[in-house]
file structure_20.txt (compact mmCIF, C-alpha atoms and all ligand atoms)
# COMPACT_ATOMS: atom_id res chain seq x y z
CA MET A 234 3.84 19.31 19.29
CA VAL A 235 4.99 22.13 21.55
CA ARG A 236 1.36 23.00 22.28
CA ARG A 237 0.80 19.43 23.46
CA VAL A 238 3.52 19.73 26.15
CA SER A 239 1.57 19.49 29.37
CA ILE A 240 3.98 21.10 31.84
CA GLY A 241 4.45 24.84 32.16
CA ALA A 242 7.59 26.96 31.69
CA PRO A 243 10.32 24.36 31.10
CA GLY A 244 13.89 25.42 31.82
CA THR A 245 15.45 22.80 29.52
CA VAL A 246 14.21 21.30 26.25
CA LEU A 247 15.82 18.62 24.08
CA ASP A 248 15.03 17.87 20.43
CA LEU A 249 16.16 14.28 19.74
CA GLY A 250 16.80 13.73 16.00
CA SER A 251 16.55 17.45 15.31
CA GLY A 252 17.25 17.54 11.53
CA SER A 253 16.22 20.96 10.23
CA GLY A 254 15.53 22.09 13.81
CA VAL A 255 11.85 22.74 13.21
CA LEU A 256 10.78 21.41 16.62
CA ALA A 257 13.60 23.17 18.46
CA ALA A 258 12.67 26.43 16.72
CA ALA A 259 9.03 26.07 17.80
CA ALA A 260 10.17 25.29 21.35
CA SER A 261 12.41 28.34 21.62
CA LYS A 262 9.61 30.52 20.28
CA MET A 263 7.17 29.07 22.79
CA TRP A 264 9.58 29.27 25.78
CA PRO A 265 12.09 32.06 25.00
CA THR A 266 13.97 31.63 28.27
CA ALA A 267 14.37 27.85 28.04
CA ARG A 268 17.70 26.30 27.16
CA VAL A 269 16.97 24.32 24.00
CA THR A 270 19.44 21.67 22.82
CA THR A 271 19.36 19.70 19.58
CA VAL A 272 20.82 16.22 18.96
CA ASP A 273 21.26 14.53 15.61
CA VAL A 274 23.57 11.88 14.20
CA ASP A 275 23.84 13.78 10.93
CA PRO A 276 26.67 16.34 11.26
CA ALA A 277 24.82 18.69 8.87
CA ALA A 278 22.06 19.19 11.46
CA ARG A 279 24.52 21.35 13.46
CA PHE A 280 24.07 24.23 10.99
CA ALA A 281 20.34 24.53 11.54
CA SER A 282 20.96 24.85 15.27
CA LEU A 283 23.77 27.36 14.73
CA VAL A 284 21.39 29.56 12.76
CA LEU A 285 18.83 29.28 15.56
CA GLY A 286 21.51 30.04 18.18
CA LEU A 287 20.89 26.78 20.02
CA ASP A 288 23.18 24.25 21.71
CA HIS A 289 23.83 21.22 19.56
CA LEU A 290 25.32 17.77 20.00
CA THR A 291 26.26 15.51 17.09
CA ALA A 292 25.50 12.13 18.61
CA ASP A 293 23.75 8.84 18.00
CA ALA A 294 20.41 8.68 19.77
CA THR A 295 20.84 4.93 20.15
CA ASP A 296 24.00 5.36 22.25
CA PHE A 297 23.31 3.90 25.69
CA ASP A 298 25.53 6.53 27.32
CA LEU A 299 23.77 9.53 25.75
CA PRO A 300 21.85 10.56 28.90
CA GLY A 301 25.16 10.77 30.79
CA ARG A 302 26.29 13.54 28.43
CA PHE A 303 23.54 15.81 29.74
CA GLY A 304 24.30 15.29 33.42
CA GLY A 305 21.82 16.09 36.18
CA ASN A 306 18.46 14.54 36.61
CA GLY A 307 17.26 14.83 33.03
CA VAL A 308 15.65 17.60 30.99
CA ASP A 309 12.21 19.14 31.49
CA VAL A 310 10.91 18.47 27.98
CA VAL A 311 12.02 16.00 25.29
CA LEU A 312 10.58 16.38 21.80
CA SER A 313 11.25 13.82 19.09
CA ASN A 314 10.10 13.08 15.60
CA PRO A 315 12.06 9.85 15.21
CA PRO A 316 13.03 8.10 12.01
CA PHE A 317 10.33 5.61 11.05
CA GLY A 318 11.23 2.14 9.89
CA GLY A 319 14.58 0.51 10.21
CA LEU A 320 15.79 -1.92 12.80
CA PRO A 321 17.53 -0.76 15.93
CA PRO A 322 21.10 -1.85 16.64
CA ALA A 323 20.70 -5.13 18.53
CA ALA A 324 23.38 -4.24 21.06
CA ALA A 325 21.65 -1.11 22.27
CA PHE A 326 18.06 -2.27 22.13
CA ALA A 327 17.67 -4.41 25.25
CA GLY A 328 19.76 -2.14 27.49
CA ILE A 329 18.00 1.09 26.55
CA LEU A 330 14.56 -0.49 26.78
CA ALA A 331 15.38 -1.93 30.20
CA ALA A 332 16.76 1.38 31.43
CA ALA A 333 13.55 3.10 30.28
CA GLY A 334 11.46 0.49 32.12
CA LEU A 335 9.96 -0.79 28.88
CA ASP A 336 11.42 -4.28 28.84
CA ALA A 337 9.07 -6.05 31.21
CA ILE A 338 6.62 -7.29 28.61
CA ASP A 339 7.17 -10.00 26.04
CA GLY A 340 6.30 -9.55 22.44
CA PHE A 341 7.90 -6.22 21.59
CA ALA A 342 8.35 -5.57 17.92
CA PRO A 343 11.85 -4.05 17.86
CA SER A 344 12.06 -0.82 15.89
CA LEU A 345 14.29 2.22 15.76
CA GLU A 346 11.25 4.31 16.57
CA LEU A 347 10.65 2.43 19.82
CA LEU A 348 14.30 2.80 20.74
CA PHE A 349 14.01 6.58 20.25
CA ALA A 350 10.93 6.58 22.50
CA ALA A 351 12.81 4.69 25.22
CA GLN A 352 15.80 7.00 24.93
CA ALA A 353 13.55 10.09 25.05
CA LEU A 354 12.09 8.70 28.29
CA ARG A 355 15.55 8.20 29.76
CA LEU A 356 16.58 11.74 28.81
CA ALA A 357 13.58 13.36 30.54
CA ARG A 358 13.58 14.07 34.28
CA PRO A 359 10.95 12.29 36.41
CA GLY A 360 7.83 14.41 36.04
CA GLY A 361 9.17 15.89 32.81
CA ALA A 362 7.23 15.94 29.54
CA VAL A 363 7.95 13.71 26.55
CA VAL A 364 6.18 14.49 23.29
CA LEU A 365 6.82 12.08 20.45
CA ILE A 366 5.63 11.42 16.96
CA LEU A 367 4.41 7.83 16.72
CA SER A 368 4.03 6.02 13.42
CA ASP A 369 0.75 4.43 12.51
CA GLY A 370 2.29 1.05 13.34
CA LEU A 371 3.32 1.98 16.86
CA ALA A 372 0.02 3.76 17.51
CA THR A 373 -2.38 1.18 16.06
CA GLY A 374 -0.60 -1.99 14.89
CA ARG A 375 -1.41 -5.29 16.56
CA ARG A 376 2.29 -6.11 16.78
CA ASN A 377 2.79 -3.17 19.12
CA ILE A 378 0.06 -3.81 21.69
CA ALA A 379 2.67 -4.86 24.25
CA ALA A 380 4.71 -1.72 23.63
CA ARG A 381 1.65 0.50 24.03
CA ARG A 382 0.59 -1.31 27.19
CA ALA A 383 4.07 -0.79 28.66
CA LEU A 384 4.07 2.93 27.84
CA LEU A 385 0.55 3.45 29.13
CA GLY A 386 1.26 1.49 32.29
CA ALA A 387 4.40 3.37 33.30
CA HIS A 388 3.58 7.01 32.54
CA GLY A 389 0.77 9.54 32.69
CA ILE A 390 -0.58 10.06 29.18
CA ALA A 391 -1.68 13.66 28.61
CA SER A 392 -3.10 13.13 25.10
CA VAL A 393 -2.66 11.31 21.80
CA THR A 394 -3.40 13.30 18.65
CA GLN A 395 -4.05 11.66 15.30
CA MET A 396 -2.67 13.81 12.50
CA PRO A 397 -3.96 13.79 8.94
CA ALA A 398 -2.29 11.75 6.20
CA GLY A 399 0.14 14.00 4.35
CA SER A 400 1.45 15.69 7.50
CA PHE A 401 4.96 14.73 6.49
CA ARG A 402 6.66 15.61 3.26
CA ARG A 403 7.25 12.89 0.66
CA THR A 404 5.10 10.30 2.44
CA GLU A 405 1.43 9.68 2.89
CA ALA A 406 2.11 8.03 6.26
CA ALA A 407 -0.07 9.35 9.04
CA GLY A 408 1.40 10.15 12.41
CA PHE A 409 0.33 10.57 15.99
CA VAL A 410 1.55 12.99 18.65
CA LEU A 411 1.93 11.23 22.00
CA SER A 412 2.25 13.53 24.99
CA LEU A 413 3.12 12.04 28.36
CA ILE A 414 4.52 12.88 31.77
CA LYS A 415 7.38 10.62 32.70
CA GLY A 416 6.63 8.45 35.71
CA ALA A 417 3.32 10.14 36.53
CA PRO A 418 0.59 7.76 37.71
CA PRO A 419 -0.85 5.94 34.70
CA SER A 420 -4.00 7.60 33.46
CA ASP A 421 -7.13 5.51 33.15
CA GLN A 422 -8.86 8.21 31.12
CA ILE A 423 -6.87 8.86 27.98
CA GLU A 424 -7.77 11.69 25.68
CA LEU A 425 -7.59 10.86 21.99
CA ARG A 426 -7.71 13.81 19.62
CA ARG A 427 -7.70 14.22 15.88
CA VAL A 428 -6.63 17.07 13.63
CA ARG A 429 -8.20 17.19 10.15
CA VAL A 430 -6.41 18.20 6.94
CA ASP A 431 -7.89 21.71 7.21
CA GLY A 432 -6.50 22.07 10.75
CA ARG A 433 -9.86 21.68 12.49
CA GLU A 434 -10.00 19.41 15.52
CA ASP A 435 -12.67 16.79 16.12
CA PRO A 436 -14.18 16.58 19.61
CA PRO A 437 -11.85 14.41 21.73
CA VAL A 438 -12.74 10.82 22.61
CA VAL A 439 -11.85 9.54 26.08
CA VAL A 440 -10.89 5.86 26.33
CA ASP A 441 -9.65 3.69 29.17
CA SER A 442 -6.13 2.28 29.16
CA ALA A 443 -7.18 -1.17 27.92
CA GLU A 444 -8.95 0.39 24.93
CA ALA A 445 -5.97 2.65 24.33
CA ALA A 446 -3.55 -0.30 24.34
CA THR A 447 -5.68 -1.94 21.64
CA ARG A 448 -5.16 1.09 19.43
CA LEU A 449 -4.66 4.81 19.83
CA ASP A 450 -6.46 6.23 16.80
CA HIS A 451 -9.25 8.67 17.50
CA GLY A 452 -10.92 7.71 14.20
CA PHE A 453 -11.47 4.10 15.28
CA HIS A 454 -12.78 4.86 18.77
CA ALA A 455 -14.98 7.73 17.55
CA ALA A 456 -16.58 5.46 14.94
CA ILE A 457 -17.23 2.76 17.54
CA ARG A 458 -18.90 5.28 19.84
CA SER A 459 -21.04 6.89 17.18
CA GLY A 460 -24.59 5.72 16.76
CA ARG A 461 -26.13 2.67 18.33
CA GLU A 462 -23.77 -0.05 19.34
CA GLY A 463 -24.29 -3.29 17.54
CA ARG A 464 -23.11 -6.80 17.94
CA CYS A 465 -20.06 -8.00 16.10
CA LEU A 466 -19.62 -10.75 13.52
CA ARG A 467 -18.19 -13.07 16.17
CA ASP A 468 -21.38 -12.65 18.28
CA LEU A 469 -23.37 -13.65 15.21
CA GLY A 470 -21.40 -16.88 14.84
CA ALA A 471 -19.51 -15.80 11.72
CA SER A 472 -16.32 -17.51 10.63
CA ILE A 473 -13.77 -15.52 8.68
CA VAL A 474 -10.91 -16.98 6.69
CA ARG A 475 -8.36 -15.44 4.45
CA GLY A 476 -8.07 -16.62 0.85
CA SER A 477 -5.36 -19.24 0.40
CA VAL A 478 -4.00 -18.61 -3.09
CA GLU A 479 -1.85 -15.89 -4.61
CA LEU A 480 -2.76 -14.26 -7.86
CA GLY A 481 -0.70 -15.84 -10.63
CA SER A 482 0.75 -18.63 -8.53
CA ALA A 483 -2.32 -20.86 -8.38
CA GLU A 484 -2.83 -23.74 -10.78
CA LEU A 485 -6.26 -22.37 -11.48
CA PRO A 486 -7.57 -20.35 -14.41
CA ARG A 487 -7.71 -16.62 -13.70
CA GLU A 488 -11.50 -16.60 -13.97
CA ALA A 489 -11.75 -19.02 -11.06
CA ILE A 490 -9.84 -16.65 -8.76
CA PHE A 491 -11.23 -13.62 -6.95
CA HIS A 492 -8.81 -10.79 -6.20
CA THR A 493 -9.29 -7.28 -4.81
CA THR A 494 -9.49 -5.97 -8.39
CA ASP A 495 -12.54 -8.18 -9.02
CA PHE A 496 -14.91 -6.49 -6.56
CA PRO A 497 -17.93 -5.20 -8.44
CA SER A 498 -19.56 -1.83 -7.82
CA GLY A 499 -23.19 -0.77 -7.67
CA ASP A 500 -26.11 -3.11 -7.09
CA VAL A 501 -24.15 -6.18 -8.21
CA ARG A 502 -22.33 -5.99 -4.88
CA SER A 503 -25.27 -7.37 -2.96
CA ALA A 504 -25.93 -10.26 -5.37
CA LEU A 505 -22.82 -11.36 -7.22
CA TRP A 506 -23.16 -14.38 -9.54
CA LEU A 507 -19.83 -16.05 -10.08
CA PRO A 508 -18.87 -18.25 -13.03
CA CYS A 509 -19.02 -21.94 -12.12
CA GLY A 510 -17.94 -23.43 -15.40
CA ALA A 511 -14.38 -24.24 -14.40
CA VAL A 512 -13.64 -27.48 -12.62
CA ARG A 513 -13.72 -26.96 -8.88
CA PRO A 514 -10.26 -27.17 -7.31
CA GLU A 515 -9.50 -30.48 -5.67
CA ARG A 516 -6.80 -29.16 -3.41
CA ARG A 517 -7.82 -27.84 -0.04
CA VAL A 518 -8.13 -24.20 -1.00
CA VAL A 519 -10.57 -21.69 0.45
CA VAL A 520 -13.63 -21.46 -1.78
CA ALA A 521 -16.34 -18.80 -1.56
CA GLU A 522 -19.83 -19.81 -2.61
CA ARG A 523 -23.49 -18.87 -2.34
CA GLY A 524 -24.24 -16.96 0.87
CA ASP A 525 -20.63 -15.92 1.60
CA ILE A 526 -19.47 -12.34 1.90
CA LEU A 527 -16.16 -11.28 0.39
CA VAL A 528 -14.29 -8.33 1.91
CA ALA A 529 -10.97 -6.89 0.74
CA ARG A 530 -8.23 -7.37 3.32
CA LEU A 531 -5.57 -5.23 1.66
CA GLY A 532 -5.54 -2.17 -0.54
CA ARG A 533 -6.91 1.31 -1.00
CA ARG A 534 -10.54 2.15 -0.22
CA LEU A 535 -11.08 -1.40 0.93
CA GLU A 536 -14.27 -0.30 2.72
CA ASP A 537 -15.92 -0.18 -0.72
CA LYS A 538 -14.79 -3.71 -1.56
CA VAL A 539 -17.53 -5.84 -0.08
CA CYS A 540 -19.83 -8.19 -1.96
CA HIS A 541 -22.31 -10.96 -1.31
CA VAL A 542 -22.15 -14.15 -3.37
CA ALA A 543 -25.59 -15.00 -4.74
CA GLY A 544 -24.49 -18.02 -6.76
CA GLY A 545 -21.53 -19.87 -8.26
CA TRP A 546 -18.17 -20.18 -6.56
CA THR A 547 -14.71 -18.64 -6.61
CA VAL A 548 -11.30 -18.99 -4.98
CA PRO A 549 -10.37 -15.78 -3.13
CA THR A 550 -6.73 -14.65 -3.03
CA SER A 551 -4.92 -13.97 0.24
CA ALA A 552 -5.83 -10.28 -0.11
CA VAL A 553 -9.51 -11.16 0.36
CA LEU A 554 -11.43 -12.35 3.45
CA ARG A 555 -14.30 -14.80 3.18
CA VAL A 556 -17.01 -14.22 5.78
CA ARG A 557 -19.46 -17.05 6.34
CA LEU A 558 -22.55 -16.67 8.54
CA PRO A 559 -24.85 -19.36 9.85
CA GLY A 560 -28.04 -19.90 7.86
CA GLU A 561 -29.02 -17.20 5.44
CA GLY A 562 -27.40 -14.41 7.51
CA GLY A 563 -24.89 -13.44 4.83
CA SER A 564 -27.22 -11.38 2.71
CA ALA A 565 -28.47 -9.15 5.56
CA ILE A 566 -25.00 -8.63 7.01
CA ALA A 567 -23.53 -7.83 3.59
CA LYS A 568 -26.19 -5.12 3.25
CA VAL A 569 -25.23 -3.72 6.68
CA LEU A 570 -21.57 -3.59 5.66
CA MET A 571 -22.55 -1.71 2.48
CA THR A 572 -24.56 1.00 4.24
CA ARG A 573 -22.93 4.36 4.85
CA ALA A 574 -22.47 3.50 8.50
CA GLY A 575 -21.03 0.08 7.66
CA THR A 576 -18.63 1.58 5.14
CA ALA A 577 -17.50 4.21 7.66
CA ARG A 578 -16.94 1.54 10.28
CA LEU A 579 -14.87 -0.61 7.93
CA ALA A 580 -12.82 2.47 7.01
CA ALA A 581 -12.20 3.25 10.68
CA THR A 582 -11.32 -0.36 11.51
CA ALA A 583 -8.75 -0.84 8.74
CA ARG A 584 -5.23 0.00 9.82
CA GLY A 585 -2.58 2.04 8.05
CA THR A 586 -2.75 4.79 5.47
CA GLY A 587 -2.74 4.63 1.68
CA ALA A 588 -2.79 0.89 1.04
CA ARG A 589 -4.59 -0.31 4.16
CA MET A 590 -5.08 -3.61 5.98
CA LEU A 591 -8.16 -5.15 7.54
CA GLY A 592 -7.27 -7.98 9.91
CA ARG A 593 -9.46 -11.05 10.34
CA GLU A 594 -9.71 -10.47 14.09
CA ASP A 595 -10.48 -6.76 13.54
CA LEU A 596 -13.38 -7.65 11.27
CA LEU A 597 -14.68 -10.33 13.64
CA THR A 598 -14.78 -7.90 16.58
CA MET A 599 -15.89 -4.74 14.74
CA PRO A 600 -19.22 -3.60 16.20
CA LEU A 601 -21.79 -3.65 13.40
CA PRO A 602 -24.07 -0.64 12.96
CA ILE A 603 -27.24 -2.68 13.55
C1 LIG B 701 12.05 12.30 10.82
S1 LIG B 701 13.49 13.29 10.94
C2 LIG B 701 12.94 14.56 12.02
C3 LIG B 701 13.61 15.87 11.81
C4 LIG B 701 12.97 17.03 12.58
N1 LIG B 701 13.06 16.82 14.01
C5 LIG B 701 11.54 17.22 12.16
O1 LIG B 701 10.65 17.02 12.97
O2 LIG B 701 11.31 17.57 10.99
C6 LIG B 701 14.51 12.24 11.91
C7 LIG B 701 15.88 12.82 12.24
O3 LIG B 701 16.54 11.85 13.06
C8 LIG B 701 17.90 11.80 12.69
N2 LIG B 701 18.42 10.49 13.07
C9 LIG B 701 18.23 9.30 12.45
N3 LIG B 701 18.85 8.32 13.13
C10 LIG B 701 19.43 8.90 14.19
C11 LIG B 701 20.23 8.43 15.26
N4 LIG B 701 20.54 7.13 15.36
N5 LIG B 701 20.65 9.30 16.19
C12 LIG B 701 20.35 10.63 16.10
N6 LIG B 701 19.63 11.14 15.10
C13 LIG B 701 19.17 10.30 14.16
C14 LIG B 701 17.92 12.06 11.20
O4 LIG B 701 19.20 12.58 10.81
C15 LIG B 701 16.78 13.09 11.05
O5 LIG B 701 17.28 14.40 11.14

call {"tool": "encode", "arguments": {"input": "structure_20.txt", "output": "structure tokens", "more": "lines below"}}
Ligand SMILES: C[S@@+](CC[C@H](N)C(=O)[O-])C[C@H]1O[C@@H](n2cnc3c(N)ncnc32)[C@H](O)[C@@H]1O
result
Amino acid sequence: MVRRVSIGAPGTVLDLGSGSGVLAAAASKMWPTARVTTVDVDPAARFASLVLGLDHLTADATDFDLPGRFGGNGVDVVLSNPPFGGLPPAAAFAGILAAAGLDAIDGFAPSLELLFAAQALRLARPGGAVVLILSDGLATGRRNIAARRALLGAHGIASVTQMPAGSFRRTEAAGFVLSLIKGAPPSDQIELRRVRVDGREDPPVVVDSAEAATRLDHGFHAAIRSGREGRCLRDLGASIVRGSVELGSAELPREAIFHTTDFPSGDVRSALWLPCGAVRPERRVVVAERGDILVARLGRRLEDKVCHVAGGWTVPTSAVLRVRLPGEGGSAIAKVLMTRAGTARLAATARGTGARMLGREDLLTMPLPI
């Protein structure tokens, strides 16, 4: 994170939500003459700073008046690895967002993490550097497009670095390092980077701000750029619907239902024959039949969970997407999705880490490797 700071020789550095002081320690090693201050709501965090010989403030980062306690124009560098999850206090949210210039767009998904980002922006001086850890949700989730657009539109983005899963203790959540210059002209060329588990870095991918607002993960944009660009399922006239029943709750026998655990492996994937003995449901439920493709929407390694229905019918659960193509297109497209390139593209398009999610719209617009 300190290496991603894109201004030279800061005089003042703030670590917001300092905890064990790991970021503050890296900052004081990197800039020995800088005045480094730590802030944390947990009184125990004071001791880590004492040991490091740093200034410390026990304070709530969601306090609207926090910037006033630092006086002046703001600090040169703000670093923050905010708490993920949790809702922000309603009272503080609107005011802090507005004061950070992040309130102009509708559709924000309120989160404590976003509030930390807004407060970090308020604490930095104009032209100062803010380097933040972003969760997967804030970096790639559809719910946060408006928040990303607001950040990208108001500040100069120096880089966004995708870190490997397992970067944080006790969680497999991935994280991103966002580095920006407060109030600098918005960048239209945004550098997305990625660090692998072994510490190696992939070649950066440069995206424009509209692409970056869609999502900030290097993995997705690199996959899209690799190889020949194909058309997407929407261009091919596909319709995609999500299964309409839940496992266990439907008034249907288990063998009539298709869940993520039912995906076959091997050659069967491209020609799956489903049982058709049971009485077809009368209710208006989503049914998959000959020619349809089934793709897992939720779960681990969902890129391997693709199959083409060669005969029979089934009722997919809500964790499964049914893809229907005009004519006999299903078989060829299922094969494309099962190639190495198709699998890699599905993996890059799914969001989240661990148990992942593939949205209907994401699958419709995913360029196919054809
Ligand atoms: C994810 S930890 C990061 C700790 C450390 N900076 C690091 O990178 O390992 C988040 C820290 O934010 C602190 N924190 C949580 N809510 C806070 C709040 N409202 N105000 C200030 N600090 C808070 C927690 O006590 C914790 O130390």

call {"tool": "residues_around", "arguments": {"input": "structure_20.txt", "residues": "region 235-242 of chain A", "least_positions_apart": "6", "cutoff": "10 Å", "atoms": "all atoms listed in the file", "output": "CSV table (one decimal) with C-alpha atoms, keeping the file's coordinate frame"}}
result
chain,number,residue,atom,x,y,z
A,256,LEU,CA,10.8,21.4,16.6
A,257,ALA,CA,13.6,23.2,18.5
A,259,ALA,CA,9.0,26.1,17.8
A,260,ALA,CA,10.2,25.3,21.4
A,261,SER,CA,12.4,28.3,21.6
A,262,LYS,CA,9.6,30.5,20.3
A,263,MET,CA,7.2,29.1,22.8
A,264,TRP,CA,9.6,29.3,25.8
A,265,PRO,CA,12.1,32.1,25.0
A,266,THR,CA,14.0,31.6,28.3
A,267,ALA,CA,14.4,27.8,28.0
A,309,ASP,CA,12.2,19.1,31.5
A,310,VAL,CA,10.9,18.5,28.0
A,311,VAL,CA,12.0,16.0,25.3
A,312,LEU,CA,10.6,16.4,21.8
A,360,GLY,CA,7.8,14.4,36.0
A,361,GLY,CA,9.2,15.9,32.8
A,362,ALA,CA,7.2,15.9,29.5
A,363,VAL,CA,8.0,13.7,26.6
A,364,VAL,CA,6.2,14.5,23.3
A,365,LEU,CA,6.8,12.1,20.4
A,390,ILE,CA,-0.6,10.1,29.2
A,391,ALA,CA,-1.7,13.7,28.6
A,392,SER,CA,-3.1,13.1,25.1
A,393,VAL,CA,-2.7,11.3,21.8
A,394,THR,CA,-3.4,13.3,18.6
A,410,VAL,CA,1.6,13.0,18.6
A,411,LEU,CA,1.9,11.2,22.0
A,412,SER,CA,2.2,13.5,25.0
A,413,LEU,CA,3.1,12.0,28.4
A,414,ILE,CA,4.5,12.9,31.8

call {"tool": "residues_near_ligand", "arguments": {"input": "structure_20.txt", "ligand": "ligand LIG 701 (chain B)", "cutoff": "6 Å", "atoms": "all atoms listed in the file", "output": "list of chain:residue names"}}
result
A:Gly250, A:Ser251, A:Gly252, A:Ser253, A:Gly254, A:Val255, A:Leu256, A:Asp273, A:Val274, A:Asp275, A:Ala292, A:Asp293, A:Ala294, A:Thr295, A:Asn314, A:Pro315, A:Pro316

call {"tool": "residues_around", "arguments": {"input": "structure_20.txt", "residues": "region 592-603 of chain A", "least_positions_apart": "5", "cutoff": "8 Å", "atoms": "all atoms listed in the file", "output": "ChimeraX atom specification"}}
result
/A:457,460-467,471-475,530,554,569-570,574-575,578-579,582-583

call {"tool": "atom_distance", "arguments": {"input": "structure_20.txt", "atom1": "CA of Arg268 (chain A)", "atom2": "CA of Gly305 (chain A)"}}
result
14.2 Å

call {"tool": "residues_around", "arguments": {"input": "structure_20.txt", "residues": "region 491-496 of chain A", "least_positions_apart": "3", "cutoff": "8 Å", "atoms": "only C-alpha atoms", "output": "ChimeraX atom specification"}}
result
/A:480,488,502,529,531-532,538-540,547-550,552-553

call {"tool": "atom_distance", "arguments": {"input": "structure_20.txt", "atom1": "CA of Trp506 (chain A)", "atom2": "CA of Trp546 (chain A)"}}
result
8.2 Å

call {"tool": "atom_distance", "arguments": {"input": "structure_20.txt", "atom1": "CA of Ala543 (chain A)", "atom2": "CA of Ala588 (chain A)"}}
result
28.4 Å

call {"tool": "residues_around", "arguments": {"input": "structure_20.txt", "residues": "Asn306 (chain A)", "least_positions_apart": "5", "cutoff": "9 Å", "atoms": "only C-alpha atoms", "output": "VMD selection string"}}
result
chain A and resid 356 to 359

call {"tool": "closest_residue", "arguments": {"input": "structure_20.txt", "among": "A:Ala565, A:Leu335, A:Leu290, A:Ala489", "to": "Leu384 (chain A)", "atoms": "all atoms listed in the file"}}
result
A:Leu335

call {"tool": "residues_near_point", "arguments": {"input": "structure_20.txt", "point": "(14.7, 1.6, 23.0)", "cutoff": "6 Å", "atoms": "only C-alpha atoms", "output": "list in words"}}
result
Phe326, Ile329, Leu330, Leu347, Leu348, Phe349, Ala351 and Gln352 of chain A

call {"tool": "closest_residue", "arguments": {"input": "structure_20.txt", "among": "A:Gly585, A:Gly544, A:Pro436, A:Gly399", "to": "Arg375 (chain A)", "atoms": "all atoms listed in the file"}}
result
A:Gly585

call {"tool": "closest_residue", "arguments": {"input": "structure_20.txt", "among": "A:Ser442, A:Gln395, A:Thr586, A:Thr404", "to": "Arg429 (chain A)", "atoms": "all atoms listed in the file"}}
result
A:Gln395

call {"tool": "closest_residue", "arguments": {"input": "structure_20.txt", "among": "A:Arg402, A:Arg382, A:Arg427, A:Arg302", "to": "Glu444 (chain A)", "atoms": "only C-alpha atoms"}}
result
A:Arg382

call {"tool": "residues_around", "arguments": {"input": "structure_20.txt", "residues": "Asn377 (chain A)", "least_positions_apart": "3", "cutoff": "7 Å", "atoms": "only C-alpha atoms", "output": "short mmCIF file (atom, residue, chain, number, x, y, z; two decimals) with C-alpha atoms, in the frame of the given file"}}
result
data_model
loop_
_atom_site.label_atom_id
_atom_site.label_comp_id
_atom_site.auth_asym_id
_atom_site.auth_seq_id
_atom_site.Cartn_x
_atom_site.Cartn_y
_atom_site.Cartn_z
CA PHE A 341 7.90 -6.22 21.59
CA ALA A 342 8.35 -5.57 17.92
CA LEU A 371 3.32 1.98 16.86
CA GLY A 374 -0.60 -1.99 14.89
CA ALA A 380 4.71 -1.72 23.63
CA ARG A 381 1.65 0.50 24.03
#

call {"tool": "closest_residue", "arguments": {"input": "structure_20.txt", "among": "A:Thr373, A:Ser344, A:Leu535, A:Pro437", "to": "Ala327 (chain A)", "atoms": "only C-alpha atoms"}}
result
A:Ser344

call {"tool": "closest_residue", "arguments": {"input": "structure_20.txt", "among": "A:Leu591, A:Ala567, A:Ala456, A:Ala580", "to": "Glu536 (chain A)", "atoms": "all atoms listed in the file"}}
result
A:Ala580

call {"tool": "axis_aligned_box", "arguments": {"input": "structure_20.txt", "around": "region 556-573 of chain A", "padding_each_side": "5 Å", "output": "JSON"}}
result
{"center_x": -23.0, "center_y": -7.8, "center_z": 6.2, "size_x": 22.0, "size_y": 34.3, "size_z": 17.4}

call {"tool": "decode", "arguments": {"input": "structure_20.txt", "residues": "region 236-244 of chain A", "atoms": "N, CA and C atoms", "output": "short mmCIF file (atom, residue, chain, number, x, y, z; two decimals), in the first residue's frame"}}
result
data_model
loop_
_atom_site.label_atom_id
_atom_site.label_comp_id
_atom_site.auth_asym_id
_atom_site.auth_seq_id
_atom_site.Cartn_x
_atom_site.Cartn_y
_atom_site.Cartn_z
N ARG A 236 3.79 1.55 -1.18
CA ARG A 236 4.44 1.68 -2.49
C ARG A 236 3.48 2.21 -3.55
N ARG A 237 2.21 2.09 -3.33
CA ARG A 237 1.22 2.59 -4.30
C ARG A 237 0.94 4.09 -4.12
N VAL A 238 1.45 4.69 -3.05
CA VAL A 238 1.24 6.14 -2.85
C VAL A 238 1.95 6.88 -3.99
N SER A 239 1.19 7.75 -4.67
CA SER A 239 1.77 8.31 -5.90
C SER A 239 2.25 9.75 -5.74
N ILE A 240 2.44 10.21 -4.50
CA ILE A 240 3.10 11.51 -4.33
C ILE A 240 4.40 11.26 -3.59
N GLY A 241 5.36 12.15 -3.78
CA GLY A 241 6.67 11.94 -3.15
C GLY A 241 6.76 12.63 -1.80
N ALA A 242 7.61 12.13 -0.93
CA ALA A 242 8.01 12.74 0.33
C ALA A 242 6.90 13.42 1.12
N PRO A 243 5.89 12.69 1.57
CA PRO A 243 4.85 13.34 2.38
C PRO A 243 5.40 13.82 3.72
N GLY A 244 4.82 14.94 4.19
CA GLY A 244 5.21 15.42 5.53
C GLY A 244 4.29 14.83 6.59
#
